[in-house]
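Undergrad: Supplied structure: final.txt, compact mmCIF, C-alpha atoms.
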```
# COMPACT_ATOMS: atom_id res chain seq x y z
CA MET A 1 94.05 -73.77 77.22
CA ALA A 2 97.16 -74.44 79.31
CA GLY A 3 97.82 -70.70 79.68
CA LYS A 4 94.22 -70.06 80.67
CA LYS A 5 94.38 -72.78 83.35
CA ALA A 6 97.68 -71.46 84.68
CA ALA A 7 96.23 -67.95 84.96
CA MET A 8 93.18 -69.32 86.73
CA ASN A 9 95.36 -71.24 89.21
CA ILE A 10 97.42 -68.12 89.96
CA SER A 11 94.22 -66.14 90.58
CA ARG A 12 92.98 -68.82 92.94
CA ARG A 13 96.22 -68.82 94.89
CA LYS A 14 96.12 -65.01 95.23
CA LEU A 15 92.54 -65.21 96.43
CA LEU A 16 93.33 -67.87 99.01
CA LEU A 17 96.42 -66.06 100.25
CA GLY A 18 94.63 -62.73 100.46
CA GLY A 19 91.46 -64.17 101.98
CA VAL A 20 87.95 -63.44 100.78
CA GLY A 21 88.62 -59.75 101.45
CA SER A 22 90.58 -59.70 98.20
CA ALA A 23 87.66 -61.20 96.29
CA ALA A 24 86.07 -57.85 95.42
CA PHE A 25 89.35 -56.75 93.85
CA MET A 26 89.63 -59.99 91.90
CA PHE A 27 86.09 -59.66 90.55
CA GLY A 28 86.30 -55.91 90.04
CA THR A 29 82.99 -55.39 91.81
CA ASN A 30 81.31 -55.22 95.22
CA ILE A 31 80.27 -58.37 97.14
CA PRO A 32 77.26 -57.28 99.25
CA PHE A 33 77.16 -60.23 101.66
CA LEU A 34 80.91 -60.90 101.88
CA LYS A 35 80.87 -60.92 105.70
CA ASN A 36 78.72 -64.06 105.61
CA MET A 37 81.12 -65.99 103.37
CA PRO A 38 82.39 -69.02 105.33
CA LYS A 39 86.12 -68.93 105.98
CA GLY A 40 88.13 -70.92 103.47
CA LEU A 41 85.27 -71.26 100.97
CA LEU A 42 86.39 -70.35 97.46
CA PRO A 43 83.90 -68.21 95.48
CA VAL A 44 82.11 -70.45 93.03
CA ALA A 45 83.01 -68.13 90.15
CA TYR A 46 86.54 -69.51 90.46
CA ALA A 47 85.46 -73.15 90.48
CA ASN A 48 84.80 -73.73 86.79
CA ASP A 49 87.50 -75.25 84.60
CA ASP A 50 85.65 -76.35 81.45
CA VAL A 51 87.41 -79.00 79.40
CA ARG A 52 85.50 -79.63 76.21
CA LEU A 53 85.29 -82.88 74.30
CA ASP A 54 87.31 -83.75 71.26
CA ASP A 55 85.34 -84.64 68.16
CA ASP A 56 85.45 -88.38 68.72
CA ALA A 57 83.14 -90.70 66.80
CA LEU A 58 81.46 -92.08 69.91
CA ILE A 59 81.34 -89.13 72.24
CA ALA A 60 80.36 -86.66 69.52
CA ARG A 61 76.78 -87.84 70.03
CA LYS A 62 76.83 -86.16 73.43
CA ASP A 63 76.02 -82.46 73.54
CA GLY A 64 78.43 -80.22 75.45
CA LEU A 65 79.53 -82.79 78.03
CA THR A 66 82.88 -82.58 79.83
CA LEU A 67 85.35 -85.39 79.21
CA LEU A 68 86.85 -86.74 82.42
CA ASN A 69 88.50 -89.85 81.07
CA ALA A 70 88.88 -91.35 77.60
CA ARG A 71 89.77 -94.91 78.68
CA PRO A 72 87.28 -95.86 79.87
CA ILE A 73 85.00 -93.14 78.52
CA ASN A 74 83.55 -91.01 81.32
CA MET A 75 81.74 -87.71 80.77
CA GLU A 76 79.67 -85.39 82.93
CA THR A 77 77.08 -82.77 82.07
CA PRO A 78 77.53 -79.11 83.08
CA ALA A 79 74.67 -78.12 85.39
CA HIS A 80 73.17 -75.55 83.01
CA LEU A 81 72.79 -78.26 80.34
CA LEU A 82 70.56 -80.27 82.69
CA ASP A 83 67.77 -77.70 82.59
CA ASP A 84 65.36 -79.94 80.67
CA ALA A 85 62.54 -81.53 82.67
CA ILE A 86 63.41 -84.83 80.97
CA THR A 87 67.12 -85.32 80.31
CA PRO A 88 67.82 -85.77 76.58
CA ALA A 89 69.91 -88.79 75.66
CA SER A 90 72.56 -86.47 74.26
CA ARG A 91 73.02 -84.89 77.70
CA LEU A 92 72.98 -87.93 79.96
CA PHE A 93 76.34 -88.46 81.66
CA VAL A 94 78.50 -91.49 80.84
CA ARG A 95 80.10 -93.69 83.49
CA ASN A 96 82.03 -96.66 82.14
CA ASN A 97 84.42 -99.10 83.79
CA GLY A 98 85.55 -101.03 80.72
CA ILE A 99 85.62 -100.89 76.95
CA VAL A 100 82.30 -100.08 75.26
CA PRO A 101 80.99 -103.14 73.36
CA ASP A 102 80.80 -103.02 69.58
CA TYR A 103 77.05 -102.73 69.01
CA GLU A 104 77.42 -104.23 65.51
CA GLU A 105 78.69 -107.42 67.17
CA HIS A 106 75.77 -107.40 69.61
CA PRO A 107 72.65 -106.50 67.61
CA ALA A 108 69.42 -105.96 69.50
CA ASP A 109 67.42 -108.48 67.45
CA SER A 110 69.60 -111.39 68.60
CA TRP A 111 70.29 -110.17 72.15
CA THR A 112 69.26 -112.38 75.05
CA ILE A 113 69.30 -112.08 78.83
CA THR A 114 69.73 -115.08 81.11
CA ILE A 115 68.14 -115.32 84.56
CA ASP A 116 69.65 -118.12 86.60
CA GLY A 117 71.15 -119.12 89.93
CA GLU A 118 68.79 -119.42 92.90
CA VAL A 119 65.64 -119.68 90.76
CA GLU A 120 63.17 -122.50 90.08
CA THR A 121 63.14 -122.02 86.31
CA PRO A 122 66.16 -120.44 84.60
CA LEU A 123 65.15 -118.18 81.72
CA THR A 124 66.75 -116.94 78.53
CA LEU A 125 64.81 -114.02 77.11
CA SER A 126 65.14 -111.93 73.98
CA ILE A 127 64.01 -108.32 73.83
CA ALA A 128 60.99 -109.53 71.86
CA ASP A 129 60.21 -111.98 74.69
CA LEU A 130 60.38 -109.17 77.24
CA LYS A 131 57.97 -107.05 75.22
CA ARG A 132 55.56 -109.94 74.59
CA ASP A 133 55.52 -111.75 77.93
CA PHE A 134 55.67 -108.88 80.43
CA GLU A 135 53.95 -105.56 80.98
CA VAL A 136 55.97 -102.79 79.33
CA VAL A 137 56.24 -99.69 81.52
CA THR A 138 57.65 -96.18 81.04
CA LYS A 139 58.99 -94.24 84.03
CA GLN A 140 61.09 -91.16 84.47
CA LEU A 141 63.87 -92.23 86.85
CA TRP A 142 66.96 -90.32 87.92
CA ILE A 143 70.29 -92.09 87.80
CA GLU A 144 73.45 -90.78 89.49
CA CYS A 145 77.01 -91.96 89.93
CA GLY A 146 77.92 -92.67 93.56
CA GLY A 147 81.04 -90.54 93.08
CA ASN A 148 79.20 -87.45 91.85
CA GLY A 149 80.86 -84.53 93.65
CA ARG A 150 84.11 -86.40 94.35
CA LYS A 151 86.35 -83.54 93.19
CA PHE A 152 85.35 -81.38 96.16
CA TYR A 153 86.72 -83.69 98.86
CA GLU A 154 89.96 -82.69 100.55
CA PRO A 155 92.24 -84.58 100.67
CA GLY A 156 91.15 -85.85 97.30
CA ALA A 157 90.10 -89.38 96.42
CA SER A 158 91.22 -91.39 93.42
CA GLY A 159 88.82 -91.95 90.56
CA ASN A 160 87.00 -89.74 88.11
CA GLN A 161 86.87 -86.22 89.48
CA TRP A 162 83.15 -85.68 89.05
CA SER A 163 81.90 -82.22 89.94
CA LEU A 164 78.08 -82.14 89.84
CA GLY A 165 77.07 -83.49 86.45
CA ALA A 166 77.01 -87.28 86.91
CA ILE A 167 73.20 -87.15 87.17
CA GLY A 168 70.28 -87.27 84.77
CA CYS A 169 66.61 -88.14 84.67
CA PRO A 170 65.42 -89.53 81.32
CA GLN A 171 62.32 -91.61 80.65
CA TRP A 172 63.05 -95.33 80.59
CA THR A 173 60.91 -97.95 78.90
CA GLY A 174 61.21 -101.62 79.78
CA VAL A 175 59.78 -104.28 82.04
CA ARG A 176 59.78 -104.58 85.81
CA LEU A 177 62.71 -106.61 87.06
CA ARG A 178 60.49 -108.17 89.69
CA ASP A 179 58.07 -109.51 87.06
CA VAL A 180 60.93 -111.31 85.31
CA LEU A 181 62.30 -112.67 88.59
CA LYS A 182 58.87 -113.88 89.66
CA LYS A 183 58.47 -115.79 86.40
CA ALA A 184 61.83 -117.44 87.05
CA GLY A 185 60.67 -118.32 90.58
CA VAL A 186 63.07 -116.81 93.12
CA LYS A 187 64.00 -119.41 95.74
CA ASP A 188 63.86 -118.78 99.47
CA THR A 189 67.66 -119.06 99.46
CA ALA A 190 68.00 -115.91 97.32
CA VAL A 191 70.01 -113.12 98.96
CA TYR A 192 71.47 -110.91 96.24
CA THR A 193 71.46 -110.32 92.52
CA ALA A 194 74.64 -110.42 90.44
CA HIS A 195 74.65 -108.41 87.20
CA HIS A 196 76.80 -109.43 84.25
CA SER A 197 77.47 -107.53 81.01
CA VAL A 198 79.52 -107.73 77.80
CA ASP A 199 81.79 -104.70 78.18
CA MET A 200 85.45 -105.72 78.13
CA HIS A 201 88.03 -105.22 80.85
CA LEU A 202 90.57 -102.51 80.06
CA SER A 203 93.29 -105.17 79.96
CA GLY A 204 91.54 -106.86 77.07
CA ASP A 205 91.43 -110.13 79.04
CA PRO A 206 88.08 -111.80 78.18
CA GLU A 207 88.21 -113.70 81.48
CA LYS A 208 88.05 -110.48 83.48
CA ALA A 209 84.94 -108.38 84.02
CA PRO A 210 85.34 -104.61 84.52
CA ILE A 211 82.32 -104.49 86.82
CA SER A 212 79.69 -106.87 88.18
CA ARG A 213 77.47 -105.30 90.79
CA GLY A 214 74.26 -106.43 92.45
CA VAL A 215 71.56 -105.50 94.95
CA PRO A 216 69.73 -107.25 97.79
CA ILE A 217 66.84 -109.32 96.50
CA SER A 218 64.40 -107.04 98.32
CA LYS A 219 65.59 -104.06 96.24
CA ALA A 220 65.43 -106.08 93.02
CA LEU A 221 61.79 -106.93 93.78
CA GLU A 222 60.71 -103.30 94.20
CA GLU A 223 58.35 -102.18 91.45
CA ASP A 224 60.56 -99.28 90.30
CA SER A 225 63.58 -101.39 89.28
CA ILE A 226 63.34 -102.13 85.57
CA ILE A 227 65.09 -103.84 82.68
CA ALA A 228 65.16 -101.02 80.14
CA PHE A 229 65.50 -101.16 76.37
CA GLU A 230 64.48 -97.59 75.48
CA MET A 231 65.35 -94.08 76.63
CA ASN A 232 62.97 -91.24 75.82
CA GLY A 233 61.11 -93.45 73.35
CA GLU A 234 64.23 -94.41 71.39
CA PRO A 235 66.69 -97.33 71.60
CA LEU A 236 69.28 -96.81 74.33
CA PRO A 237 72.40 -94.88 73.27
CA VAL A 238 75.45 -97.10 72.86
CA LEU A 239 77.33 -95.28 75.63
CA ASN A 240 74.38 -95.68 77.98
CA GLY A 241 73.89 -99.43 77.61
CA PHE A 242 72.42 -100.37 74.21
CA PRO A 243 70.53 -102.58 73.75
CA VAL A 244 69.48 -103.48 77.35
CA ARG A 245 70.37 -102.25 80.81
CA LEU A 246 69.11 -102.23 84.37
CA VAL A 247 67.77 -99.11 86.04
CA VAL A 248 67.75 -99.47 89.83
CA PRO A 249 66.63 -96.03 91.02
CA GLY A 250 67.63 -94.38 94.27
CA TRP A 251 70.89 -96.33 94.56
CA PRO A 252 74.30 -95.65 92.97
CA GLY A 253 74.24 -95.83 89.19
CA SER A 254 76.73 -98.70 89.29
CA CYS A 255 73.85 -100.96 90.36
CA SER A 256 72.17 -100.24 87.01
CA GLN A 257 74.35 -102.50 84.87
CA LYS A 258 74.65 -101.57 81.20
CA TRP A 259 74.87 -103.99 78.24
CA LEU A 260 73.09 -106.51 80.46
CA LYS A 261 73.47 -110.22 79.53
CA ARG A 262 72.79 -112.13 82.73
CA ILE A 263 71.19 -111.72 86.13
CA GLU A 264 72.43 -114.37 88.51
CA ILE A 265 70.54 -114.85 91.77
CA ARG A 266 72.95 -115.69 94.57
CA ASP A 267 72.60 -117.13 98.07
CA GLN A 268 75.11 -114.63 99.45
CA ILE A 269 76.07 -110.99 99.02
CA HIS A 270 77.54 -110.70 95.55
CA ASP A 271 81.35 -110.44 95.48
CA GLY A 272 81.98 -109.51 91.85
CA PRO A 273 84.29 -106.73 90.60
CA LYS A 274 83.45 -103.35 92.23
CA MET A 275 81.54 -105.08 95.05
CA THR A 276 84.38 -105.69 97.50
CA GLY A 277 87.15 -103.71 99.17
CA THR A 278 86.42 -99.98 99.09
CA ALA A 279 84.43 -99.89 95.83
CA TYR A 280 81.06 -98.19 96.35
CA ARG A 281 81.49 -98.47 100.09
CA MET A 282 81.55 -95.99 102.96
CA PRO A 283 83.18 -96.19 106.41
CA ALA A 284 80.80 -97.69 108.97
CA TYR A 285 81.63 -94.76 111.26
CA PRO A 286 82.77 -91.12 110.83
CA VAL A 287 86.47 -90.75 110.07
CA SER A 288 88.88 -87.83 109.95
CA PRO A 289 90.04 -86.67 106.49
CA GLY A 290 92.87 -88.81 105.22
CA THR A 291 92.16 -91.74 107.54
CA GLU A 292 93.03 -95.20 106.22
CA VAL A 293 89.92 -97.26 106.93
CA PRO A 294 90.20 -101.08 107.23
CA LYS A 295 88.33 -102.83 104.43
CA GLU A 296 86.24 -104.77 106.93
CA ASP A 297 84.91 -101.46 108.25
CA MET A 298 83.59 -100.36 104.84
CA VAL A 299 79.88 -100.92 104.16
CA ILE A 300 78.03 -101.09 100.84
CA ILE A 301 76.28 -97.90 99.73
CA HIS A 302 72.52 -98.20 99.41
CA GLU A 303 70.39 -95.05 99.15
CA MET A 304 71.84 -91.92 97.60
CA PRO A 305 71.53 -88.71 99.68
CA VAL A 306 69.23 -85.74 99.12
CA LYS A 307 70.60 -83.36 96.47
CA SER A 308 69.68 -80.50 94.17
CA LEU A 309 71.01 -78.49 91.22
CA VAL A 310 70.64 -74.95 89.95
CA THR A 311 70.24 -75.36 86.19
CA TYR A 312 69.31 -71.76 85.28
CA PRO A 313 70.88 -69.28 84.98
CA VAL A 314 74.40 -70.45 84.24
CA THR A 315 76.99 -69.45 86.81
CA GLY A 316 78.67 -66.15 85.91
CA SER A 317 75.49 -64.64 84.46
CA ARG A 318 74.69 -60.94 84.76
CA VAL A 319 71.25 -60.13 86.16
CA LYS A 320 69.39 -56.82 86.40
CA LEU A 321 69.61 -55.02 89.71
CA GLY A 322 66.30 -54.64 91.54
CA GLU A 323 64.33 -56.85 89.11
CA LYS A 324 62.97 -60.32 89.85
CA VAL A 325 65.09 -63.03 88.28
CA GLU A 326 63.97 -66.62 87.84
CA PHE A 327 66.25 -69.36 89.18
CA ARG A 328 65.35 -72.99 88.66
CA GLY A 329 66.63 -76.54 88.90
CA HIS A 330 65.91 -80.05 90.15
CA ALA A 331 65.96 -81.91 93.48
CA TRP A 332 66.01 -85.63 94.28
CA SER A 333 66.66 -88.14 97.06
CA GLY A 334 67.30 -91.87 97.36
CA GLN A 335 65.09 -91.84 100.43
CA GLY A 336 62.03 -90.78 98.43
CA ASP A 337 60.37 -87.45 97.76
CA VAL A 338 61.99 -84.09 98.49
CA SER A 339 59.67 -82.11 100.78
CA GLU A 340 61.22 -78.62 100.71
CA MET A 341 63.50 -76.51 98.54
CA GLU A 342 65.19 -73.28 99.67
CA VAL A 343 67.62 -70.75 98.21
CA SER A 344 69.93 -68.14 99.72
CA ILE A 345 71.63 -65.06 98.24
CA ASP A 346 73.62 -64.11 101.35
CA PHE A 347 75.94 -67.10 101.78
CA GLY A 348 73.41 -69.06 103.84
CA ALA A 349 72.64 -66.37 106.43
CA THR A 350 68.97 -66.39 105.43
CA TRP A 351 66.85 -68.70 103.27
CA GLN A 352 63.67 -68.36 101.27
CA LYS A 353 61.43 -71.14 100.02
CA ALA A 354 61.32 -72.08 96.37
CA LYS A 355 58.29 -73.49 94.56
CA LEU A 356 58.78 -77.27 94.43
CA ASP A 357 56.83 -79.52 92.07
CA LYS A 358 55.82 -83.06 92.94
CA PRO A 359 57.61 -85.85 91.04
CA VAL A 360 55.79 -87.32 88.02
CA ASN A 361 56.45 -90.74 89.55
CA LYS A 362 58.53 -92.14 92.38
CA PHE A 363 62.26 -91.57 91.81
CA ALA A 364 61.73 -88.84 89.22
CA TRP A 365 63.54 -85.65 90.10
CA GLN A 366 61.44 -82.69 91.19
CA HIS A 367 61.59 -79.30 89.50
CA TRP A 368 61.89 -76.13 91.56
CA LYS A 369 61.73 -72.42 90.82
CA ALA A 370 62.46 -69.24 92.80
CA MET A 371 62.10 -65.56 91.89
CA LEU A 372 64.99 -63.60 93.41
CA THR A 373 65.77 -59.89 93.68
CA PHE A 374 69.27 -58.55 94.36
CA PRO A 375 69.37 -55.37 96.52
CA LYS A 376 72.75 -53.94 95.53
CA ALA A 377 75.07 -54.10 92.58
CA GLY A 378 77.84 -56.67 92.86
CA TYR A 379 78.78 -60.32 93.13
CA TYR A 380 76.31 -62.83 94.58
CA GLU A 381 76.12 -66.55 95.06
CA VAL A 382 72.80 -68.35 94.96
CA TRP A 383 72.89 -71.42 97.17
CA ALA A 384 70.32 -74.22 96.79
CA ARG A 385 69.24 -76.52 99.63
CA ALA A 386 66.86 -79.48 99.41
CA THR A 387 65.28 -81.30 102.35
CA ASP A 388 63.86 -84.81 101.97
CA HIS A 389 60.78 -86.28 103.62
CA THR A 390 62.88 -87.54 106.56
CA GLY A 391 63.89 -83.95 107.41
CA THR A 392 67.47 -84.39 106.17
CA SER A 393 68.88 -81.32 104.37
CA GLN A 394 71.91 -80.76 102.20
CA PRO A 395 74.95 -79.41 104.08
CA SER A 396 76.58 -76.13 103.03
CA VAL A 397 80.01 -77.76 102.88
CA VAL A 398 81.36 -81.16 101.86
CA PRO A 399 79.89 -83.82 104.19
CA GLY A 400 81.83 -86.51 106.05
CA TRP A 401 85.07 -87.37 104.29
CA ASN A 402 85.47 -90.92 103.00
CA PRO A 403 88.36 -92.68 101.21
CA LYS A 404 86.63 -92.98 97.84
CA GLY A 405 84.88 -89.61 97.74
CA TYR A 406 81.32 -90.91 97.58
CA LEU A 407 77.95 -89.33 98.46
CA ASN A 408 78.89 -85.65 98.36
CA ASN A 409 75.60 -83.78 98.62
CA MET A 410 76.85 -80.30 99.47
CA GLN A 411 74.65 -77.43 98.33
CA HIS A 412 75.06 -76.33 94.75
CA ARG A 413 76.17 -72.71 94.31
CA VAL A 414 76.04 -70.48 91.25
CA ALA A 415 77.64 -67.04 90.88
CA VAL A 416 75.80 -64.09 89.41
CA PHE A 417 76.60 -60.38 89.00
CA ALA A 418 73.85 -57.84 89.67
CA VAL A 419 74.32 -54.82 87.40
```
Kindly present the structure from the file in structure tokens form.
TA:
Amino acid sequence: MAGKKAAMNISRRKLLLGGVGSAAFMFGTNIPFLKNMPKGLLPVAYANDDVRLDDDALIARKDGLTLLNARPINMETPAHLLDDAITPASRLFVRNNGIVPDYEEHPADSWTITIDGEVETPLTLSIADLKRDFEVVTKQLWIECGGNGRKFYEPGASGNQWSLGAIGCPQWTGVRLRDVLKKAGVKDTAVYTAHHSVDMHLSGDPEKAPISRGVPISKALEEDSIIAFEMNGEPLPVLNGFPVRLVVPGWPGSCSQKWLKRIEIRDQIHDGPKMTGTAYRMPAYPVSPGTEVPKEDMVIIHEMPVKSLVTYPVTGSRVKLGEKVEFRGHAWSGQGDVSEMEVSIDFGATWQKAKLDKPVNKFAWQHWKAMLTFPKAGYYEVWARATDHTGTSQPSVVPGWNPKGYLNNMQHRVAVFAV
């Protein structure tokens, strides 16, 4: 593996030094639309370093994911493994901040959630209480890490170097968060939620929480935010929050606390771990790459940007020259529905519309499909571009740099060879 990576790095350096004009030599084939390739953009065929998982007892339940970090466990899903309309539990990414709780010490049948703080009637509810006292709903909701795409920022940002796979869209079953909060009686003084869980800080100190995020009370009271206890009709996977978690769609996945034990209603913006400083925050104004931004000028991330993925075929595939080839994937936006999906085979010089399905419910990703024909033999890149209902489209390059590498919604590219 080390030798393979070294060889790949040498090839990349040669390509960068020689410019894209050397790309045809490197690939051993023609590149029909090479003149359209933006200067300094590395062909996507050279952007895939796959590091496979070790056969660990916990992570072995995940199918083909890439291990980014073992402590805490963080894994992403290669784009071609996200081709399912509904993301299987085995292929949903994992984003942890602390040590995964021992599920044998926290069985579902004795689990309770406390709702307290700025409420008229504090509640302590078991999973059985949730199922009995509230309407149980099932929704397909996408969930995405705020740092998805971080590895493409330059200069780089610290943290897990997510490429594109910190996204998934399973079906979640649970109860509406707003129904539970209404039963508790949210006071007029309520400003923010504070989410608390049982995962342990990496230091092992029981007095420290690895993460405690929250959302404005208005977001918590939206009908799509749920307290979930099932994924795809089964109990939640341990790595994805068993036995109970929040799902707050459209916002960074960190708002969807796993292993949920308490929702505290606060009369101020929550200031728990990963809520202050630069965590899940963006500069309030555009900054130049590498700029040190004062903490007071960093604002909390709310909606995630419009994005899309090509899930089929896998990058590096060989396709038949002159024949129609199906390309497909998903699109989503924290602002609501995606209104248009386009693809390009000539490095963005021209675009053609893809067929875009409507979401099955709000905050479910939308499936798209395009039939493409390649006019000459050689190397191609298929670029995907989604536009949301506000008219905002994905950029072709990494968007505005920020210190923590959040909200990268650059267009996804896959390489194919027409033969």
Undergrad: Dump as a Markdown table the rows for residues of segment 229-328 of chain A within 9 Å of segment 88-96 of chain A: closest atom pair and distance in Å with one decimal, only C-alpha atoms counted, ordered by chain and rising residue number.
TA:
```
| residue | atom | partner | partner_atom | distance |
| --- | --- | --- | --- | --- |
| A:Met231 | CA | A:Ala89 | CA | 7.1 |
| A:Asn232 | CA | A:Pro88 | CA | 7.3 |
| A:Leu236 | CA | A:Ala89 | CA | 8.2 |
| A:Pro237 | CA | A:Ala89 | CA | 7.0 |
| A:Leu239 | CA | A:Val94 | CA | 6.5 |
| A:Asn240 | CA | A:Val94 | CA | 6.5 |
| A:Gly253 | CA | A:Arg95 | CA | 8.5 |
| A:Ser254 | CA | A:Arg95 | CA | 8.4 |
| A:Lys258 | CA | A:Asn96 | CA | 8.9 |
```
Undergrad: Taking all atoms listed in the file into account, which of A:Arg318, A:Lys261, A:His367, A:Arg178 comes nearest Ala418 of chain A?
TA: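 Smallest separation from Ala418 of chain A among the options: A:Arg318.
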Undergrad: Between atom CA of Thr77 of chain A and atom CA of Trp162 of chain A, measure the distance and give it in Å to one decimal.
TA: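 About the pair atom CA of Thr77 of chain A and atom CA of Trp162 of chain A: they are 9.7 Å apart.
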Undergrad: Between A:Ala79, A:Val186, A:Val175, A:Leu65, single out the one closest to Phe229 of chain A, counting all atoms listed in the file.
TA: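 Closest to Phe229 of chain A of all the choices is A:Val175.
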Undergrad: For each of A:Trp142, A:Phe152, A:Phe134, A:Trp351, take the minimum atom-to-atom distance to Lys183 of chain A, counting only C-alpha atoms, then give the residue where this is smallest.
TA: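 Closest candidate: A:Phe134.
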Undergrad: Give the answer as one residue: which of A:Gly241, A:Trp383, A:Asp83, A:Phe374 has the shortest atom-to-atom distance to Arg328 of chain A, using all atoms listed in the file?
TA: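 Among A:Gly241, A:Trp383, A:Asp83, A:Phe374, it is A:Asp83 that comes nearest to Arg328 of chain A.
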Undergrad: Might you pull out every residue within 8 Å of Ile113 of chain A, with only C-alpha atoms counted and same-chain residues fewer than 2 positions away left off, and present them as number ranges by chain?
TA: A: 111, 115, 123-126, 260-263
Undergrad: List every protein, DNA or RNA residue that has at least one atom no more than 6 Å from (79.5, -60.0, 91.5) in the file's coordinates, counting all atoms listed in the file, and write the result as a list in words.
TA: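 Counting all atoms listed in the file, I find these residues within 6 Å of (79.5, -60.0, 91.5): Thr29, Ile31, Gly378, Tyr379, Tyr380, Val416 and Phe417 of chain A.
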Undergrad: From the set A:Ser339, A:Thr315, A:Thr87, A:Thr173, which residue has the shortest atom-to-atom contact distance to Gly233 of chain A, counting all atoms listed in the file?
TA: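 Checking each candidate against Gly233 of chain A, we get A:Thr173 as the closest.
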Undergrad: Within 10 Å of (87.5, -81.2, 97.3) (coordinates as in the file), grab all the protein and nucleic acid residues, counting only C-alpha atoms, and write them out as a PDB file with C-alpha atoms, in the coordinates of the input.
TA:
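Saved file out-v3.pdb follows:
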```
ATOM      1  CA  GLY A 149      80.860 -84.530  93.650  1.00  0.00           C
ATOM      2  CA  ARG A 150      84.110 -86.400  94.350  1.00  0.00           C
ATOM      3  CA  LYS A 151      86.350 -83.540  93.190  1.00  0.00           C
ATOM      4  CA  PHE A 152      85.350 -81.380  96.160  1.00  0.00           C
ATOM      5  CA  TYR A 153      86.720 -83.690  98.860  1.00  0.00           C
ATOM      6  CA  GLU A 154      89.960 -82.690 100.550  1.00  0.00           C
ATOM      7  CA  PRO A 155      92.240 -84.580 100.670  1.00  0.00           C
ATOM      8  CA  GLY A 156      91.150 -85.850  97.300  1.00  0.00           C
ATOM      9  CA  ALA A 157      90.100 -89.380  96.420  1.00  0.00           C
ATOM     10  CA  GLN A 161      86.870 -86.220  89.480  1.00  0.00           C
ATOM     11  CA  SER A 163      81.900 -82.220  89.940  1.00  0.00           C
ATOM     12  CA  VAL A 397      80.010 -77.760 102.880  1.00  0.00           C
ATOM     13  CA  VAL A 398      81.360 -81.160 101.860  1.00  0.00           C
ATOM     14  CA  TRP A 401      85.070 -87.370 104.290  1.00  0.00           C
ATOM     15  CA  GLY A 405      84.880 -89.610  97.740  1.00  0.00           C
ATOM     16  CA  ASN A 408      78.890 -85.650  98.360  1.00  0.00           C
TER      17      ASN A 408
END
```
Undergrad: Have a look at A:Gln268, A:Thr392, A:Gln140, A:Thr193 and name the one nearest to Val306 of chain A; count only C-alpha atoms.
TA: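 That would be A:Thr392, the residue with the smallest distance to Val306 of chain A.
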Undergrad: Name all residues at most 7 Å from Thr278 of chain A (count all atoms listed in the file; drop same-chain ones fewer than 3 positions away) and give them as a VMD selection string.
TA: chain A and resid 281 295 298
Undergrad: Using Å and a single decimal, report how far atom CA of Met341 of chain A sits from atom CA of Phe327 of chain A.
TA: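 We find that atom CA of Phe327 of chain A and atom CA of Met341 of chain A lie 12.1 Å from each other.
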Undergrad: Using 3 Å of padding on each side, determine the axis-aligned box around all atoms of segment 69-85 of chain A present in the file and give its centre and edge lengths in Å to one decimal, as JSON.
TA:
```
{"center_x": 76.2, "center_y": -85.7, "center_z": 81.5, "size_x": 33.2, "size_y": 26.3, "size_z": 13.8}
```
Undergrad: What lies within 8 Å of Gly400 of chain A using all atoms listed in the file, ignoring chain neighbours under 2 positions off, as a list in words?
TA: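 That gives Pro286, Val287, Val398 and Asn402 of chain A.
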Undergrad: So how many Å separate atom CA of Ser158 of chain A and atom CA of Ala279 of chain A, to one decimal?
TA: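 Between atom CA of Ser158 of chain A and atom CA of Ala279 of chain A the gap is 11.1 Å.
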